[in-house]
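See below for data-v1.cif, which holds mmCIF, C-alpha atoms.
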data_target
loop_
_atom_site.group_PDB
_atom_site.id
_atom_site.type_symbol
_atom_site.label_atom_id
_atom_site.label_comp_id
_atom_site.auth_asym_id
_atom_site.auth_seq_id
_atom_site.Cartn_x
_atom_site.Cartn_y
_atom_site.Cartn_z
ATOM 1 C CA MET A 203 9.188 -14.064 33.505
ATOM 2 C CA ALA A 204 9.092 -16.024 30.280
ATOM 3 C CA THR A 205 11.805 -15.198 27.738
ATOM 4 C CA LYS A 206 11.281 -14.481 24.046
ATOM 5 C CA PRO A 207 13.684 -14.063 21.103
ATOM 6 C CA ILE A 208 14.633 -10.582 19.898
ATOM 7 C CA LYS A 209 16.912 -9.556 17.032
ATOM 8 C CA LEU A 210 19.121 -6.490 17.321
ATOM 9 C CA GLY A 211 20.427 -4.598 14.297
ATOM 10 C CA CYS A 212 23.448 -2.310 14.088
ATOM 11 C CA PHE A 213 23.508 0.887 12.006
ATOM 12 C CA GLU A 214 26.158 3.515 11.397
ATOM 13 C CA ILE A 215 25.092 7.143 11.987
ATOM 14 C CA VAL A 216 26.317 9.006 8.910
ATOM 15 C CA PRO A 217 25.939 12.711 8.040
ATOM 16 C CA VAL A 218 24.082 13.419 4.816
ATOM 17 C CA GLU A 219 26.566 16.184 3.998
ATOM 18 C CA GLN A 220 30.049 14.674 4.009
ATOM 19 C CA LYS A 221 32.784 17.113 5.077
ATOM 20 C CA LEU A 222 36.500 16.841 4.469
ATOM 21 C CA THR A 223 37.279 17.932 8.032
ATOM 22 C CA ARG A 224 35.927 15.934 10.940
ATOM 23 C CA LYS A 225 32.721 13.898 10.809
ATOM 24 C CA PRO A 226 29.963 15.494 12.941
ATOM 25 C CA ILE A 227 28.705 13.618 15.991
ATOM 26 C CA PHE A 228 24.937 13.908 16.411
ATOM 27 C CA LEU A 229 24.611 12.400 19.895
ATOM 28 C CA ASN A 230 24.845 15.747 21.712
ATOM 29 C CA ASP A 231 22.409 17.315 19.233
ATOM 30 C CA ILE A 232 19.891 14.534 19.866
ATOM 31 C CA LYS A 233 20.343 14.889 23.637
ATOM 32 C CA GLY A 234 19.739 18.618 23.276
ATOM 33 C CA ALA A 235 16.627 17.979 21.185
ATOM 34 C CA PHE A 236 15.061 15.765 23.850
ATOM 35 C CA SER A 237 16.007 18.306 26.517
ATOM 36 C CA ALA A 238 14.410 21.141 24.546
ATOM 37 C CA LEU A 239 11.229 19.126 23.927
ATOM 38 C CA GLY A 240 10.464 18.207 27.519
ATOM 39 C CA ASN A 241 6.866 17.057 27.018
ATOM 40 C CA ILE A 242 6.041 14.053 24.881
ATOM 41 C CA SER A 243 3.362 15.976 22.954
ATOM 42 C CA ASP A 244 6.077 18.372 21.733
ATOM 43 C CA ARG A 245 8.079 15.519 20.232
ATOM 44 C CA CYS A 246 5.158 13.736 18.557
ATOM 45 C CA ARG A 247 5.628 13.538 14.802
ATOM 46 C CA LYS A 248 2.173 13.394 13.232
ATOM 47 C CA LEU A 249 1.870 11.180 10.188
ATOM 48 C CA SER A 250 -1.685 12.326 9.464
ATOM 49 C CA ASP A 251 -4.543 14.409 10.820
ATOM 50 C CA LEU A 252 -5.594 13.062 14.225
ATOM 51 C CA THR A 253 -9.243 13.395 13.263
ATOM 52 C CA VAL A 254 -8.666 10.888 10.464
ATOM 53 C CA ASP A 255 -6.653 8.002 11.876
ATOM 54 C CA GLY A 256 -4.416 9.312 14.660
ATOM 55 C CA GLU A 257 -1.121 8.202 13.128
ATOM 56 C CA GLN A 258 1.848 9.630 15.040
ATOM 57 C CA GLU A 259 5.295 8.563 16.249
ATOM 58 C CA PHE A 260 7.306 9.642 19.257
ATOM 59 C CA VAL A 261 9.864 8.680 21.880
ATOM 60 C CA SER A 262 7.972 8.126 25.121
ATOM 61 C CA LYS A 263 10.963 7.618 27.389
ATOM 62 C CA VAL A 264 14.701 8.368 27.287
ATOM 63 C CA SER A 265 17.369 7.103 29.650
ATOM 64 C CA ILE A 266 20.975 8.312 29.603
ATOM 65 C CA ASN A 267 23.825 5.829 30.033
ATOM 66 C CA ASP A 268 27.614 5.994 29.676
ATOM 67 C CA ASN A 269 27.453 5.380 25.923
ATOM 68 C CA GLY A 270 24.425 7.390 24.866
ATOM 69 C CA LEU A 271 20.626 7.375 24.906
ATOM 70 C CA PHE A 272 18.280 4.415 25.301
ATOM 71 C CA CYS A 273 14.874 5.283 23.795
ATOM 72 C CA THR A 274 11.383 3.795 23.818
ATOM 73 C CA PHE A 275 9.744 4.512 20.451
ATOM 74 C CA LEU A 276 5.972 4.244 19.856
ATOM 75 C CA HIS A 277 3.692 4.388 16.825
ATOM 76 C CA LEU A 278 0.101 5.459 17.577
ATOM 77 C CA LYS A 279 -3.036 5.105 15.494
ATOM 78 C CA ALA A 280 -6.812 5.168 15.854
ATOM 79 C CA GLY A 281 -8.717 1.923 16.293
ATOM 80 C CA GLY A 282 -8.927 -0.988 18.674
ATOM 81 C CA ALA A 283 -5.636 -1.601 20.477
ATOM 82 C CA ILE A 284 -3.930 -0.654 23.735
ATOM 83 C CA ASN A 285 -5.233 2.787 24.752
ATOM 84 C CA ILE A 286 -2.877 5.705 25.268
ATOM 85 C CA GLN A 287 -4.347 8.562 27.284
ATOM 86 C CA LYS A 288 -3.917 12.187 26.278
ATOM 87 C CA SER A 289 -2.590 12.932 29.780
ATOM 88 C CA LEU A 290 0.406 10.681 29.081
ATOM 89 C CA LEU A 291 1.353 12.735 26.035
ATOM 90 C CA ASP A 292 1.342 15.847 28.214
ATOM 91 C CA SER A 293 3.870 14.256 30.581
ATOM 92 C CA GLN A 294 7.642 14.223 30.239
ATOM 93 C CA SER A 295 8.002 10.443 30.111
ATOM 94 C CA PHE A 296 6.172 7.143 30.349
ATOM 95 C CA SER A 297 6.985 3.489 29.815
ATOM 96 C CA LEU A 298 4.942 0.808 28.100
ATOM 97 C CA GLU A 299 4.089 -0.707 31.478
ATOM 98 C CA ASP A 300 2.371 2.581 32.401
ATOM 99 C CA LEU A 301 -0.241 1.990 29.717
ATOM 100 C CA ASN A 302 -1.994 -0.717 31.699
ATOM 101 C CA ALA A 303 -2.205 1.553 34.746
ATOM 102 C CA ASN A 304 -4.029 4.321 32.839
ATOM 103 C CA ILE A 305 -7.413 3.076 31.730
ATOM 104 C CA ASN A 306 -9.426 6.271 32.245
ATOM 105 C CA GLY A 307 -9.363 9.660 30.579
ATOM 106 C CA GLU A 308 -9.430 11.052 27.047
ATOM 107 C CA ILE A 309 -7.845 8.725 24.479
ATOM 108 C CA ALA A 310 -5.094 10.234 22.312
ATOM 109 C CA GLY A 311 -4.595 7.107 20.253
ATOM 110 C CA HIS A 312 -3.868 3.399 20.337
ATOM 111 C CA LEU A 313 -0.588 1.545 20.273
ATOM 112 C CA LYS A 314 0.104 0.296 16.742
ATOM 113 C CA ASP A 315 3.679 -0.843 17.340
ATOM 114 C CA TYR A 316 6.729 -0.078 19.430
ATOM 115 C CA THR A 317 10.465 -0.644 19.517
ATOM 116 C CA TYR A 318 13.614 0.439 21.342
ATOM 117 C CA PHE A 319 16.893 1.902 20.148
ATOM 118 C CA LEU A 320 20.236 2.950 21.581
ATOM 119 C CA VAL A 321 21.920 6.064 20.138
ATOM 120 C CA THR A 322 25.696 6.377 20.582
ATOM 121 C CA LYS A 323 28.319 8.640 19.018
ATOM 122 C CA LYS A 324 28.767 6.498 15.917
ATOM 123 C CA LEU A 325 26.224 3.669 16.000
ATOM 124 C CA LEU A 326 22.529 3.078 16.537
ATOM 125 C CA ILE A 327 21.375 -0.288 17.933
ATOM 126 C CA LEU A 328 17.749 -1.116 17.084
ATOM 127 C CA LYS A 329 15.323 -3.788 18.251
ATOM 128 C CA LEU A 330 14.277 -4.975 14.806
ATOM 129 C CA THR A 331 10.581 -5.260 14.037
ATOM 130 C CA ARG A 332 8.523 -5.313 10.847
ATOM 131 C CA GLY A 333 6.153 -2.647 12.150
ATOM 132 C CA ILE A 334 8.794 0.050 12.669
ATOM 133 C CA THR A 335 11.756 0.110 10.300
ATOM 134 C CA ILE A 336 15.139 1.812 10.467
ATOM 135 C CA SER A 337 13.768 4.252 7.875
ATOM 136 C CA ASP A 338 11.053 5.286 10.349
ATOM 137 C CA ILE A 339 13.681 5.915 13.033
ATOM 138 C CA SER A 340 15.841 7.898 10.599
ATOM 139 C CA ILE A 341 12.909 10.090 9.531
ATOM 140 C CA TYR A 342 11.972 10.731 13.155
ATOM 141 C CA LEU A 343 15.502 11.676 14.284
ATOM 142 C CA ASN A 344 15.903 14.010 11.303
ATOM 143 C CA TRP A 345 12.556 15.607 12.106
ATOM 144 C CA LEU A 346 13.586 16.011 15.748
ATOM 145 C CA LEU A 347 16.911 17.683 14.866
ATOM 146 C CA LYS A 348 15.368 20.004 12.279
ATOM 147 C CA LYS A 349 12.651 21.040 14.722
ATOM 148 C CA THR A 350 15.002 21.960 17.565
ATOM 149 C CA ILE A 351 18.270 23.119 15.963
ATOM 150 C CA PRO A 352 18.106 26.235 13.741
ATOM 151 C CA ALA A 353 21.217 25.244 11.756
ATOM 152 C CA TYR A 354 19.376 22.126 10.528
ATOM 153 C CA ALA A 355 15.934 23.679 9.954
ATOM 154 C CA ASP A 356 16.285 24.312 6.205
ATOM 155 C CA LYS A 357 17.961 20.996 5.363
ATOM 156 C CA SER A 358 15.970 18.187 3.781
ATOM 157 C CA SER A 359 17.749 15.707 6.068
ATOM 158 C CA VAL A 360 20.707 15.769 8.430
ATOM 159 C CA LEU A 361 21.716 12.180 9.101
ATOM 160 C CA GLN A 362 21.219 8.728 7.647
ATOM 161 C CA LEU A 363 21.354 5.337 9.329
ATOM 162 C CA ARG A 364 23.423 2.904 7.276
ATOM 163 C CA GLN A 365 23.203 -0.857 7.865
ATOM 164 C CA CYS A 366 26.527 -2.196 9.175
ATOM 165 C CA LEU A 367 27.946 -5.268 7.455
ATOM 166 C CA ARG A 368 29.543 -8.175 9.265
ATOM 167 C CA ASN A 369 33.339 -7.926 9.543
ATOM 168 C CA ASN A 370 33.828 -11.401 8.086
ATOM 169 C CA PHE A 371 31.973 -10.496 4.868
ATOM 170 C CA ASN A 372 34.063 -9.473 1.871
ATOM 171 C CA PRO A 373 32.111 -6.919 -0.234
ATOM 172 C CA LEU A 374 34.355 -7.730 -3.200
ATOM 173 C CA ASP A 375 32.486 -11.038 -3.501
ATOM 174 C CA VAL A 376 29.257 -9.326 -4.623
ATOM 175 C CA GLY A 377 28.583 -9.597 -8.350
ATOM 176 C CA THR A 378 24.960 -8.473 -8.867
ATOM 177 C CA ILE A 379 22.043 -7.032 -6.920
ATOM 178 C CA THR A 380 18.521 -7.621 -8.234
ATOM 179 C CA LEU A 381 16.141 -5.043 -6.768
ATOM 180 C CA GLY A 382 12.921 -6.270 -5.219
ATOM 181 C CA GLY A 383 9.805 -5.113 -7.010
ATOM 182 C CA ASP A 384 8.571 -3.367 -3.851
ATOM 183 C CA VAL A 385 11.638 -1.109 -3.507
ATOM 184 C CA LYS A 386 10.393 2.478 -3.454
ATOM 185 C CA ILE A 387 11.820 5.224 -5.631
ATOM 186 C CA GLU A 388 11.680 8.539 -3.742
ATOM 187 C CA GLY A 389 9.097 6.997 -1.456
ATOM 188 C CA ARG A 390 6.410 7.027 -4.137
ATOM 189 C CA LYS A 391 6.864 4.698 -7.094
ATOM 190 C CA SER A 392 8.075 1.123 -6.708
ATOM 191 C CA ILE A 393 10.378 -0.731 -9.097
ATOM 192 C CA ASP A 394 7.397 -2.833 -10.222
ATOM 193 C CA THR A 395 5.331 0.222 -11.162
ATOM 194 C CA ILE A 396 8.213 1.541 -13.266
ATOM 195 C CA ILE A 397 9.594 -1.594 -14.927
ATOM 196 C CA GLN A 398 6.554 -3.871 -15.347
ATOM 197 C CA PRO A 399 4.651 -1.498 -17.698
ATOM 198 C CA LEU A 400 7.848 -1.000 -19.712
ATOM 199 C CA PHE A 401 8.315 -4.747 -20.246
ATOM 200 C CA THR A 402 4.607 -5.260 -20.855
ATOM 201 C CA ASP A 403 4.568 -2.557 -23.514
ATOM 202 C CA LEU A 404 7.724 -3.991 -25.111
ATOM 203 C CA LEU A 405 6.275 -7.483 -25.325
ATOM 204 C CA ASP A 406 2.925 -6.154 -26.470
ATOM 205 C CA ARG A 407 4.659 -4.417 -29.394
ATOM 206 C CA LEU A 408 6.497 -7.645 -30.199
ATOM 207 C CA ILE A 409 3.288 -9.684 -30.206
ATOM 208 C CA LYS A 410 1.545 -7.180 -32.456
ATOM 209 C CA SER A 411 4.478 -7.010 -34.862
ATOM 210 C CA GLU A 412 4.516 -10.820 -35.148
ATOM 211 C CA GLY A 413 0.769 -10.950 -35.706
ATOM 212 C CA VAL A 414 0.051 -13.122 -32.657
ATOM 213 C CA LYS A 415 -3.555 -12.755 -31.496
ATOM 214 C CA GLY A 416 -5.223 -13.540 -28.199
ATOM 215 C CA LEU A 417 -2.002 -13.683 -26.182
ATOM 216 C CA ALA A 418 -1.799 -11.334 -23.172
ATOM 217 C CA PRO A 419 1.640 -9.974 -22.196
ATOM 218 C CA ASP A 420 0.901 -10.795 -18.545
ATOM 219 C CA SER A 421 0.664 -14.483 -19.455
ATOM 220 C CA ILE A 422 4.285 -14.409 -20.692
ATOM 221 C CA ILE A 423 6.053 -11.974 -18.332
ATOM 222 C CA ARG A 424 6.493 -13.708 -15.033
ATOM 223 C CA ARG A 425 8.666 -11.080 -13.422
ATOM 224 C CA ALA A 426 10.343 -7.829 -14.459
ATOM 225 C CA SER A 427 13.339 -6.709 -12.445
ATOM 226 C CA LEU A 428 16.223 -4.286 -12.298
ATOM 227 C CA VAL A 429 19.691 -5.860 -11.977
ATOM 228 C CA LEU A 430 22.733 -3.907 -10.796
ATOM 229 C CA THR A 431 26.041 -5.392 -11.936
ATOM 230 C CA ILE A 432 28.861 -4.505 -9.548
ATOM 231 C CA GLU A 433 32.132 -3.516 -11.198
ATOM 232 C CA ARG A 434 35.149 -5.646 -10.345
ATOM 233 C CA GLN A 435 37.671 -3.811 -8.169
ATOM 234 C CA SER A 436 40.913 -4.567 -6.407
ATOM 235 C CA ASP A 437 41.192 -5.483 -2.731
ATOM 236 C CA LYS A 438 42.552 -1.992 -2.055
ATOM 237 C CA ASN A 439 39.031 -0.660 -2.550
ATOM 238 C CA GLN A 440 37.382 -3.018 -0.055
ATOM 239 C CA SER A 441 36.465 -0.314 2.482
ATOM 240 C CA ASP A 442 35.068 1.971 -0.220
ATOM 241 C CA ARG A 443 33.158 -0.926 -1.738
ATOM 242 C CA ALA A 444 31.725 -1.807 1.685
ATOM 243 C CA ARG A 445 30.365 1.726 2.081
ATOM 244 C CA ILE A 446 28.840 1.625 -1.409
ATOM 245 C CA LEU A 447 27.278 -1.760 -0.691
ATOM 246 C CA GLN A 448 25.903 -0.442 2.623
ATOM 247 C CA SER A 449 24.213 2.408 0.773
ATOM 248 C CA LEU A 450 22.854 0.061 -1.904
ATOM 249 C CA LEU A 451 21.389 -2.307 0.668
ATOM 250 C CA ASP A 452 19.753 0.602 2.486
ATOM 251 C CA THR A 453 18.333 2.042 -0.734
ATOM 252 C CA CYS A 454 17.222 -1.364 -2.029
ATOM 253 C CA ASN A 455 15.959 -2.616 1.330
ATOM 254 C CA SER A 456 13.397 -5.331 0.622
ATOM 255 C CA ASP A 457 12.786 -8.993 1.351
ATOM 256 C CA LEU A 458 12.622 -9.459 -2.433
ATOM 257 C CA THR A 459 16.036 -7.922 -3.180
ATOM 258 C CA GLU A 460 18.443 -10.637 -4.305
ATOM 259 C CA ILE A 461 22.248 -10.577 -4.015
ATOM 260 C CA ARG A 462 24.541 -12.928 -5.941
ATOM 261 C CA ASP A 463 28.286 -13.427 -5.912
ATOM 262 C CA LYS A 464 30.607 -13.408 -8.930
ATOM 263 C CA LYS A 465 29.832 -17.094 -9.536
ATOM 264 C CA ASN A 466 26.090 -16.299 -9.605
ATOM 265 C CA ALA A 467 25.441 -18.063 -6.297
ATOM 266 C CA LYS A 468 22.881 -16.438 -3.986
ATOM 267 C CA ILE A 469 24.087 -14.498 -0.960
ATOM 268 C CA ASP A 470 21.656 -14.323 1.937
ATOM 269 C CA PRO A 471 21.234 -10.577 2.720
ATOM 270 C CA VAL A 472 20.501 -11.393 6.362
ATOM 271 C CA SER A 473 23.809 -13.234 6.718
ATOM 272 C CA ILE A 474 25.904 -10.223 5.676
ATOM 273 C CA LYS A 475 24.129 -7.615 7.815
ATOM 274 C CA GLU A 476 25.445 -7.049 11.316
ATOM 275 C CA SER A 477 22.849 -8.331 13.808
ATOM 276 C CA LYS A 478 22.510 -10.354 16.991
ATOM 277 C CA ASP A 479 19.857 -12.769 18.275
ATOM 278 C CA ILE A 480 19.138 -12.555 21.997
ATOM 279 C CA ARG A 481 16.466 -13.689 24.449
ATOM 280 C CA ILE A 482 14.778 -11.216 26.784
ATOM 281 C CA PRO A 483 12.362 -11.717 29.696
ATOM 282 C CA PHE A 484 8.832 -10.455 28.947
ATOM 283 C CA SER A 485 6.307 -9.278 31.534
ATOM 284 C CA ALA A 486 2.811 -10.661 32.007
ATOM 285 C CA SER A 487 1.531 -7.761 29.869
ATOM 286 C CA ASP A 488 3.801 -9.019 27.063
ATOM 287 C CA PHE A 489 6.326 -6.178 27.082
ATOM 288 C CA PRO A 490 10.091 -6.811 27.227
ATOM 289 C CA ASP A 491 12.072 -6.209 30.401
ATOM 290 C CA VAL A 492 13.500 -2.796 29.537
ATOM 291 C CA ALA A 493 16.405 -2.936 31.994
ATOM 292 C CA VAL A 494 17.616 -6.250 30.569
ATOM 293 C CA LEU A 495 17.111 -5.065 26.977
ATOM 294 C CA GLU A 496 19.131 -1.896 27.577
ATOM 295 C CA GLU A 497 21.903 -3.968 29.148
ATOM 296 C CA GLU A 498 21.944 -6.343 26.156
ATOM 297 C CA MET A 499 22.024 -3.442 23.690
ATOM 298 C CA LEU A 500 24.966 -1.903 25.528
ATOM 299 C CA ARG A 501 26.747 -5.254 25.520
ATOM 300 C CA TYR A 502 26.135 -5.638 21.770
ATOM 301 C CA TYR A 503 27.333 -2.075 21.142
ATOM 302 C CA ASN A 504 30.575 -2.795 23.000
ATOM 303 C CA GLU A 505 31.048 -5.955 20.915
ATOM 304 C CA VAL A 506 30.639 -4.279 17.518
ATOM 305 C CA SER A 507 32.482 -1.064 18.402
ATOM 306 C CA LYS A 508 35.628 -3.042 19.315
ATOM 307 C CA THR A 509 35.771 -4.946 16.001
#
What does the file become when written as structure tokens?
Amino acid sequence: MATKPIKLGCFEIVPVEQKLTRKPIFLNDIKGAFSALGNISDRCRKLSDLTVDGEQEFVSKVSINDNGLFCTFLHLKAGGAINIQKSLLDSQSFSLEDLNANINGEIAGHLKDYTYFLVTKKLLILKLTRGITISDISIYLNWLLKKTIPAYADKSSVLQLRQCLRNNFNPLDVGTITLGGDVKIEGRKSIDTIIQPLFTDLLDRLIKSEGVKGLAPDSIIRRASLVLTIERQSDKNQSDRARILQSLLDTCNSDLTEIRDKKNAKIDPVSIKESKDIRIPFSASDFPDVAVLEEEMLRYYNEVSKT
């Protein structure tokens, strides 16, 4: 088998409702959810009407290990791609390799993207991919818990997945965070759609007040942005500051978000996020060797949980 590079990301599983007593552990709840929803069709989260474009997400296979759950996560859609038969969704489990063995029967959808994740008591290890983000995994797990556990049914969300920072990074070094224009506010409006018209209107008023004609605001404004200036704090607040920075990076997650230190030098966001580059054997059908990937995820989990 040929090997290919894969990047793993590490995320802390945090309750949305913080309690002063002990922090809840969601691993058993998630295990119970998969047990309650035995068939794959029962744990399919539909993103839209199947008659329109067939968008849905689900965990197709779960394996239990000493540390938690190793899950295969798929995103389906309509259109030309690898076929997924309806009979597979009525089963309890299937792997990506099974897709090539099932070429007949009614089509439920087509594979848009896939990934894998490991759920433990405190951390979630994810095979990073552009097609499926940590936000997608968070939404799915919250949906799963709310669907199967009555105590969670009326809550807007139960857990959040917070990007872990590298241990050798000092959050006190951060001076400013400039939000990327594509950062979404409540999942609807982006920073650009909020700030750009404001700056355009401001400059337009300025041009009119100065009597300048024939000059479009867009020809002057190159970029409008929102800059967060981080308050200086003592080293005693490093752990609190790290948690705040984790939340900011999750909220402002974007390739365009820019972080600078107190001397105004750029900080590479990738360099401060906990991650690991590995190589995994891939099959002839271009899917990763699941057994090796699970082993590598467990090894990475053991590394980060000991630090």
- Go through A:Glu259, A:Asp231, A:Asp244, A:Asp268 and flag the residue nearest Glu497 (chain A), using all atoms listed in the file for the distances. A:Asp268
- For CA of Thr459 (chain A) and CA of Ile432 (chain A), the interatomic separation in Å (one decimal):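 Separation of CA of Thr459 (chain A) and CA of Ile432 (chain A): 14.7 Å.
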- Query: If we count all atoms listed in the file, what is near Leu276 (chain A) at a cut-off of 8 Å, once residues fewer than 3 positions away on the same chain are taken out, given as a ChimeraX atom specification?
  - Reply: /A:259-262,313-317
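Atom to atom, CA of Ala310 (chain A) and CA of Ser297 (chain A) stand 15.7 Å apart.
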- Local residues around (22.6, 2.2, 10.1), at most 10 Å away, using all atoms listed in the file, as JSON, numbers by chain: {"A": [211, 212, 213, 214, 215, 216, 324, 325, 326, 327, 328, 336, 337, 340, 362, 363, 364, 365, 366, 367, 448, 449, 452, 476]}
- Item | Residues matched by the PyMOL selection byres ((chain A and resi 230) around 12) as a PyMOL selection string | chain A and resi 226-229+231-237+266+269-271+321-324+347+351
- Choose the residue, out of A:Pro483, A:Pro207, A:Pro471, A:Gly240, that has the smallest atom-to-atom separation from Lys329 (chain A); count all atoms listed in the file.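 Of A:Pro483, A:Pro207, A:Pro471, A:Gly240, the one nearest Lys329 (chain A) is A:Pro207, counting all atoms listed in the file.
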- Between A:Thr378, A:Phe489, A:Ile334, A:Leu210, which one has atoms that come closest to Arg501 (chain A), using all atoms listed in the file?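 Ranked by minimum distance to Arg501 (chain A), first place goes to A:Leu210.
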- One decimal, Å: what's the distance from CA of Val376 (chain A) over to CA of Lys464 (chain A), could you say?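 These two atoms are separated by 6.1 Å.
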- Looking at A:Phe272, A:Lys263, A:Ile284, A:Gly333, which one is nearest to Val494 (chain A), with distances taken over all atoms listed in the file? A:Phe272
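Shortest atom-to-atom contact with Phe484 (chain A) among A:Gln287, A:Lys279, A:His312, A:Leu298: A:Leu298, counting all atoms listed in the file.
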